[in-house]
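Asker: Enclosed is the structure file structure_4.json (JSON, C-alpha atoms).
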```json
[["chain", "number", "residue", "atom", "x", "y", "z"],
["A", 16, "MET", "CA", 0.00, 0.00, 0.00],
["A", 17, "PRO", "CA", 1.44, 3.42, -0.91],
["A", 18, "LYS", "CA", 2.33, 5.76, 1.94],
["A", 19, "TYR", "CA", 2.03, 9.53, 1.86],
["A", 20, "PRO", "CA", 3.17, 12.35, 4.12],
["A", 21, "PHE", "CA", 0.41, 13.26, 6.58],
["A", 22, "LEU", "CA", -1.74, 16.14, 5.26],
["A", 23, "SER", "CA", -0.12, 16.10, 1.82],
["A", 24, "ASP", "CA", -2.55, 16.38, -1.11],
["A", 25, "ASP", "CA", -2.13, 12.64, -1.79],
["A", 26, "TRP", "CA", -2.73, 11.76, 1.86],
["A", 27, "LEU", "CA", -5.89, 13.93, 1.97],
["A", 28, "ASP", "CA", -7.19, 12.30, -1.23],
["A", 29, "GLU", "CA", -6.59, 8.82, 0.17],
["A", 30, "ALA", "CA", -8.10, 9.71, 3.57],
["A", 31, "ARG", "CA", -11.25, 11.01, 1.83],
["A", 32, "ARG", "CA", -11.39, 7.75, -0.16],
["A", 33, "ILE", "CA", -11.12, 5.72, 3.06],
["A", 34, "TYR", "CA", -13.95, 7.69, 4.70],
["A", 35, "ALA", "CA", -16.10, 7.46, 1.55],
["A", 36, "GLU", "CA", -15.50, 3.71, 1.38],
["A", 37, "ALA", "CA", -16.51, 3.41, 5.05],
["A", 38, "GLU", "CA", -19.74, 5.31, 4.30],
["A", 39, "THR", "CA", -20.54, 3.27, 1.18],
["A", 40, "SER", "CA", -19.96, -0.03, 2.98],
["A", 41, "GLY", "CA", -22.20, 1.03, 5.88],
["A", 42, "VAL", "CA", -19.35, 1.08, 8.41],
["A", 43, "LEU", "CA", -19.79, 4.84, 8.71],
["A", 44, "PRO", "CA", -23.39, 5.65, 7.78],
["A", 45, "PRO", "CA", -24.05, 9.35, 7.05],
["A", 46, "GLY", "CA", -25.64, 11.10, 10.02],
["A", 47, "SER", "CA", -24.44, 8.36, 12.37],
["A", 48, "GLY", "CA", -24.52, 10.47, 15.50],
["A", 49, "VAL", "CA", -21.28, 12.38, 14.99],
["A", 50, "ALA", "CA", -21.29, 15.50, 17.17],
["A", 51, "PRO", "CA", -20.93, 18.53, 14.90],
["A", 52, "VAL", "CA", -17.66, 20.43, 15.03],
["A", 53, "ARG", "CA", -15.77, 22.56, 12.51],
["A", 54, "VAL", "CA", -12.03, 22.62, 13.21],
["A", 55, "ASN", "CA", -9.46, 24.62, 11.29],
["A", 56, "LEU", "CA", -5.87, 23.49, 11.62],
["A", 57, "ILE", "CA", -2.72, 25.52, 11.21],
["A", 58, "VAL", "CA", 0.11, 23.01, 11.04],
["A", 59, "THR", "CA", 3.69, 24.24, 11.25],
["A", 60, "GLU", "CA", 6.96, 22.55, 10.35],
["A", 61, "ALA", "CA", 5.65, 20.08, 7.77],
["A", 62, "PRO", "CA", 8.67, 18.37, 6.23],
["A", 63, "PHE", "CA", 7.34, 18.81, 2.68],
["A", 64, "SER", "CA", 6.32, 22.48, 2.88],
["A", 65, "SER", "CA", 8.20, 25.69, 3.55],
["A", 66, "SER", "CA", 5.03, 27.36, 4.83],
["A", 67, "ASN", "CA", 2.29, 26.47, 7.30],
["A", 68, "LEU", "CA", -0.35, 23.97, 6.19],
["A", 69, "ASP", "CA", -3.99, 24.95, 6.46],
["A", 70, "ALA", "CA", -6.39, 22.05, 6.85],
["A", 71, "HIS", "CA", -9.77, 21.32, 8.39],
["A", 72, "VAL", "CA", -11.92, 18.62, 9.90],
["A", 73, "ASP", "CA", -15.66, 19.22, 9.66],
["A", 74, "THR", "CA", -18.34, 16.93, 11.08],
["A", 75, "SER", "CA", -21.20, 19.45, 10.95],
["A", 76, "ALA", "CA", -22.97, 17.59, 8.11],
["A", 77, "GLY", "CA", -23.06, 14.33, 10.09],
["A", 78, "ARG", "CA", -20.06, 12.85, 8.32],
["A", 79, "ILE", "CA", -16.34, 13.34, 8.63],
["A", 80, "GLU", "CA", -14.88, 15.72, 6.09],
["A", 81, "ILE", "CA", -11.15, 16.31, 6.08],
["A", 82, "GLY", "CA", -9.41, 18.57, 3.62],
["A", 83, "GLY", "CA", -6.92, 21.24, 2.83],
["A", 84, "GLY", "CA", -7.70, 24.89, 3.45],
["A", 85, "HIS", "CA", -9.96, 26.33, 6.11],
["A", 86, "VAL", "CA", -13.73, 26.27, 6.56],
["A", 87, "ASP", "CA", -15.70, 29.46, 7.18],
["A", 88, "GLY", "CA", -16.99, 29.99, 10.72],
["A", 89, "PRO", "CA", -15.01, 27.31, 12.56],
["A", 90, "ASP", "CA", -15.91, 26.33, 16.11],
["A", 91, "VAL", "CA", -12.23, 26.16, 16.92],
["A", 92, "THR", "CA", -8.86, 26.81, 15.28],
["A", 93, "VAL", "CA", -5.89, 24.77, 16.43],
["A", 94, "SER", "CA", -2.27, 25.70, 15.73],
["A", 95, "LEU", "CA", 0.27, 22.94, 16.26],
["A", 96, "ASP", "CA", 3.40, 21.46, 14.79],
["A", 97, "TYR", "CA", 3.36, 18.66, 12.21],
["A", 98, "VAL", "CA", 4.67, 15.92, 14.50],
["A", 99, "THR", "CA", 2.03, 16.67, 17.13],
["A", 100, "ALA", "CA", -0.77, 16.87, 14.54],
["A", 101, "ARG", "CA", 0.30, 13.51, 13.12],
["A", 102, "SER", "CA", 0.45, 12.00, 16.64],
["A", 103, "LEU", "CA", -3.04, 13.24, 17.34],
["A", 104, "PHE", "CA", -4.92, 12.60, 14.10],
["A", 105, "VAL", "CA", -3.17, 9.43, 12.94],
["A", 106, "GLN", "CA", -2.02, 7.65, 16.10],
["A", 107, "GLY", "CA", -4.54, 9.13, 18.54],
["A", 108, "ASP", "CA", -1.67, 9.61, 21.00],
["A", 109, "ALA", "CA", -3.33, 11.61, 23.77],
["A", 110, "GLN", "CA", -0.17, 11.62, 25.92],
["A", 111, "ALA", "CA", 1.93, 13.34, 23.23],
["A", 112, "VAL", "CA", -0.84, 15.86, 22.65],
["A", 113, "LEU", "CA", -1.27, 16.57, 26.36],
["A", 114, "GLN", "CA", 2.48, 17.14, 26.73],
["A", 115, "ALA", "CA", 2.46, 19.47, 23.70],
["A", 116, "PHE", "CA", -0.56, 21.37, 25.06],
["A", 117, "LEU", "CA", 0.98, 21.78, 28.52],
["A", 118, "GLY", "CA", 4.26, 22.80, 26.89],
["A", 119, "GLY", "CA", 2.52, 25.58, 24.94],
["A", 120, "ARG", "CA", 3.10, 23.93, 21.54],
["A", 121, "ILE", "CA", -0.64, 23.76, 20.82],
["A", 122, "LYS", "CA", -2.67, 26.94, 20.61],
["A", 123, "VAL", "CA", -6.46, 26.79, 20.61],
["A", 124, "ASP", "CA", -8.77, 29.61, 19.60],
["A", 125, "GLY", "CA", -12.48, 28.93, 20.00],
["A", 126, "ASP", "CA", -14.71, 26.37, 21.72],
["A", 127, "LEU", "CA", -12.34, 23.89, 23.39],
["A", 128, "SER", "CA", -15.25, 21.72, 24.58],
["A", 129, "LYS", "CA", -16.24, 20.94, 20.97],
["A", 130, "LEU", "CA", -12.66, 20.07, 20.14],
["A", 131, "LEU", "CA", -12.43, 17.65, 23.08],
["A", 132, "ASP", "CA", -15.81, 15.96, 22.51],
["A", 133, "PRO", "CA", -15.00, 12.26, 21.87],
["A", 134, "ASN", "CA", -18.21, 11.96, 19.84],
["A", 135, "SER", "CA", -17.04, 14.56, 17.32],
["A", 136, "GLY", "CA", -15.52, 11.82, 15.19],
["A", 137, "ILE", "CA", -12.14, 13.49, 14.87],
["A", 138, "TRP", "CA", -10.24, 11.36, 17.40],
["A", 139, "PRO", "CA", -9.20, 7.91, 16.19],
["A", 140, "GLY", "CA", -10.46, 5.19, 18.51],
["A", 141, "ALA", "CA", -11.99, 7.59, 21.04],
["A", 142, "GLY", "CA", -15.24, 6.80, 22.74],
["A", 143, "PRO", "CA", -17.57, 8.29, 25.32],
["A", 144, "GLY", "CA", -15.56, 8.62, 28.49],
["A", 145, "ALA", "CA", -12.44, 7.22, 26.81],
["A", 146, "PRO", "CA", -9.65, 9.55, 25.76],
["A", 147, "PRO", "CA", -7.85, 8.89, 22.48],
["A", 148, "ALA", "CA", -5.13, 6.27, 22.77],
["A", 149, "PRO", "CA", -2.57, 4.82, 20.40],
["A", 150, "LEU", "CA", -4.23, 2.20, 18.24],
["A", 151, "THR", "CA", -2.95, -1.36, 18.31],
["A", 152, "ASP", "CA", -4.57, -4.74, 17.77],
["A", 153, "ASP", "CA", -4.82, -5.08, 21.57],
["A", 154, "SER", "CA", -6.48, -1.66, 22.01],
["A", 155, "ALA", "CA", -9.23, -2.59, 19.54],
["A", 156, "GLN", "CA", -10.37, -5.60, 21.53],
["A", 157, "GLY", "CA", -13.39, -5.00, 23.68],
["A", 158, "GLN", "CA", -14.23, -1.63, 22.12],
["A", 159, "THR", "CA", -17.28, -2.67, 20.12],
["A", 160, "GLY", "CA", -19.61, -0.66, 22.36],
["A", 161, "GLN", "CA", -17.60, 2.55, 22.10],
["A", 162, "GLN", "CA", -17.86, 5.29, 19.55],
["A", 163, "GLY", "CA", -14.89, 6.63, 17.65],
["A", 164, "LEU", "CA", -14.71, 8.39, 14.31],
["A", 165, "GLY", "CA", -18.50, 8.44, 14.62],
["A", 166, "PHE", "CA", -19.09, 4.68, 14.64],
["A", 167, "SER", "CA", -18.49, 1.54, 16.70],
["A", 168, "GLY", "CA", -15.07, 1.04, 18.25],
["A", 169, "HIS", "CA", -14.03, -1.98, 16.16],
["A", 170, "ASP", "CA", -14.99, -0.22, 12.92],
["A", 171, "ALA", "CA", -13.28, 2.97, 14.14],
["A", 172, "TRP", "CA", -10.17, 0.93, 14.75],
["A", 173, "ARG", "CA", -10.30, -0.53, 11.21],
["A", 174, "VAL", "CA", -10.64, 2.91, 9.60],
["A", 175, "ALA", "CA", -7.98, 4.45, 11.86],
["A", 176, "THR", "CA", -5.67, 1.54, 11.00],
["A", 177, "LYS", "CA", -6.16, 2.27, 7.29],
["A", 178, "LEU", "CA", -5.19, 5.90, 7.95],
["A", 179, "GLN", "CA", -2.08, 4.72, 9.78],
["A", 180, "GLU", "CA", -1.21, 2.41, 6.87],
["A", 181, "ILE", "CA", -1.24, 5.23, 4.32],
["A", 182, "THR", "CA", 0.83, 7.59, 6.48],
["A", 183, "GLU", "CA", 4.61, 7.94, 6.17]]
```
Written as structure tokens, that's how I'd like the structure from this file.
Answerer:
Amino acid sequence: MPKYPFLSDDWLDEARRIYAEAETSGVLPPGSGVAPVRVNLIVTEAPFSSSNLDAHVDTSAGRIEIGGGHVDGPDVTVSLDYVTARSLFVQGDAQAVLQAFLGGRIKVDGDLSKLLDPNSGIWPGAGPGAPPAPLTDDSAQGQTGQQGLGFSGHDAWRVATKLQEITE
């Protein structure tokens, strides 16, 4: 399977294909209870770009939309470095993100509660009452009752694993 740098145009195209495939197969039905949130990202220090990357995650239409550029009227804008963004959105590594936040390497402007809502669908493998955690085969076991990426834990794990597989 080809691998792409996180948030590169190729990675975004492949991530959209993965989400669309999940919707088409019924793993991620449209309007599946995803809490609406519109997040703009400003990602610094990407290894393939000399300038900041602008990206977004938008679940306001009941499905997960990820793309380049910013959405109008975001609930929250997050500025963070590339390594931290990758740790958060690909690995779901809450510990790395917490350390970056406490160290002042993540800046948040807007409604933090919407950003932290595990039902927003933007945290791989997250579920109600469960913070994001690195995804492994072991962490997927016993999660079928949880929500993550807007659908059941096992299916969230499968989609998150596909995202990990395409990421350099």
Asker: Taking all atoms listed in the file into account, name the residue in A:Gln114, A:Ser23, A:Lys177, A:Ile33 that is nearest to Gly84 (chain A).
Answerer: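 Looking only at the distances to Gly84 (chain A), the closest residue turns out to be A:Ser23.
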Asker: Please compute the CA of Pro17 (chain A)-CA of Ser40 (chain A) distance, one decimal, in Å.
Answerer: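 Result for CA of Pro17 (chain A) versus CA of Ser40 (chain A): 22.0 Å, one decimal.
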Asker: Neighbouring residues of region 86-91 of chain A were defined as those with any atom within 10 Å, considering all atoms listed in the file; residues of the same chain fewer than 2 positions away were excluded. Please report them as a ChimeraX atom specification.
Answerer: /A:51-56,69-73,82-84,93,123-130
Asker: Quick one: axis-aligned box around all listed atoms of region 60-67 of chain A, 8 Å on every side, centre and edge lengths in Å to one decimal, written as AutoDock Vina command-line options.
Answerer:
```
--center_x 5.5 --center_y 22.9 --center_z 6.5 --size_x 22.4 --size_y 25.0 --size_z 23.7
```
Asker: Please provide the set of residues having any atom within 12 Å of Leu178 (chain A), restricted to all atoms listed in the file, with same-chain residues fewer than 4 positions apart removed, written as a PyMOL selection string.
Answerer: chain A and resi 16-22+26-34+37+101+104-107+139-140+150+164+171-174+182-183
Asker: Just give me the gap between CA of Ser66 (chain A) and CA of Leu103 (chain A) in Å, one decimal is fine.
Answerer: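 Computing it gives 20.5 Å between the two atoms.
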Asker: Which residue out of A:Asn134, A:Ser102, A:Gln110, A:Thr92 has the minimum interatomic distance to Gln179 (chain A) when all atoms listed in the file are used?
Answerer: A:Ser102
Asker: Smallest atom-to-atom distance to Arg78 (chain A): which of A:Val49, A:Val58, A:Ile121, A:Val98, using all atoms listed in the file?
Answerer: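 The closest residue to Arg78 (chain A) is A:Val49.
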Asker: CA of Thr59 (chain A) and CA of Leu131 (chain A) are how many Å apart?
Answerer: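 Between CA of Thr59 (chain A) and CA of Leu131 (chain A) the gap is 21.1 Å.
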Asker: Considering only C-alpha atoms, state which residue in the set A:Glu180, A:Leu113, A:Ser94, A:Ala50 is at the smallest distance from Ile79 (chain A).
Answerer: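 So, comparing all the options, the nearest one is A:Ala50.
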Asker: Return the single residue from A:Glu36, A:Phe116, A:Ala175, A:Asn67 that is closest to Thr99 (chain A), with distances computed using only C-alpha atoms.
Answerer: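 Ranked by minimum distance to Thr99 (chain A), first place goes to A:Phe116.
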Asker: Counting only C-alpha atoms, which of A:Ile181, A:Leu68, A:Leu95, A:Ala35 gets nearest to Arg120 (chain A)?
Answerer: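 That would be A:Leu95, the residue with the smallest distance to Arg120 (chain A).
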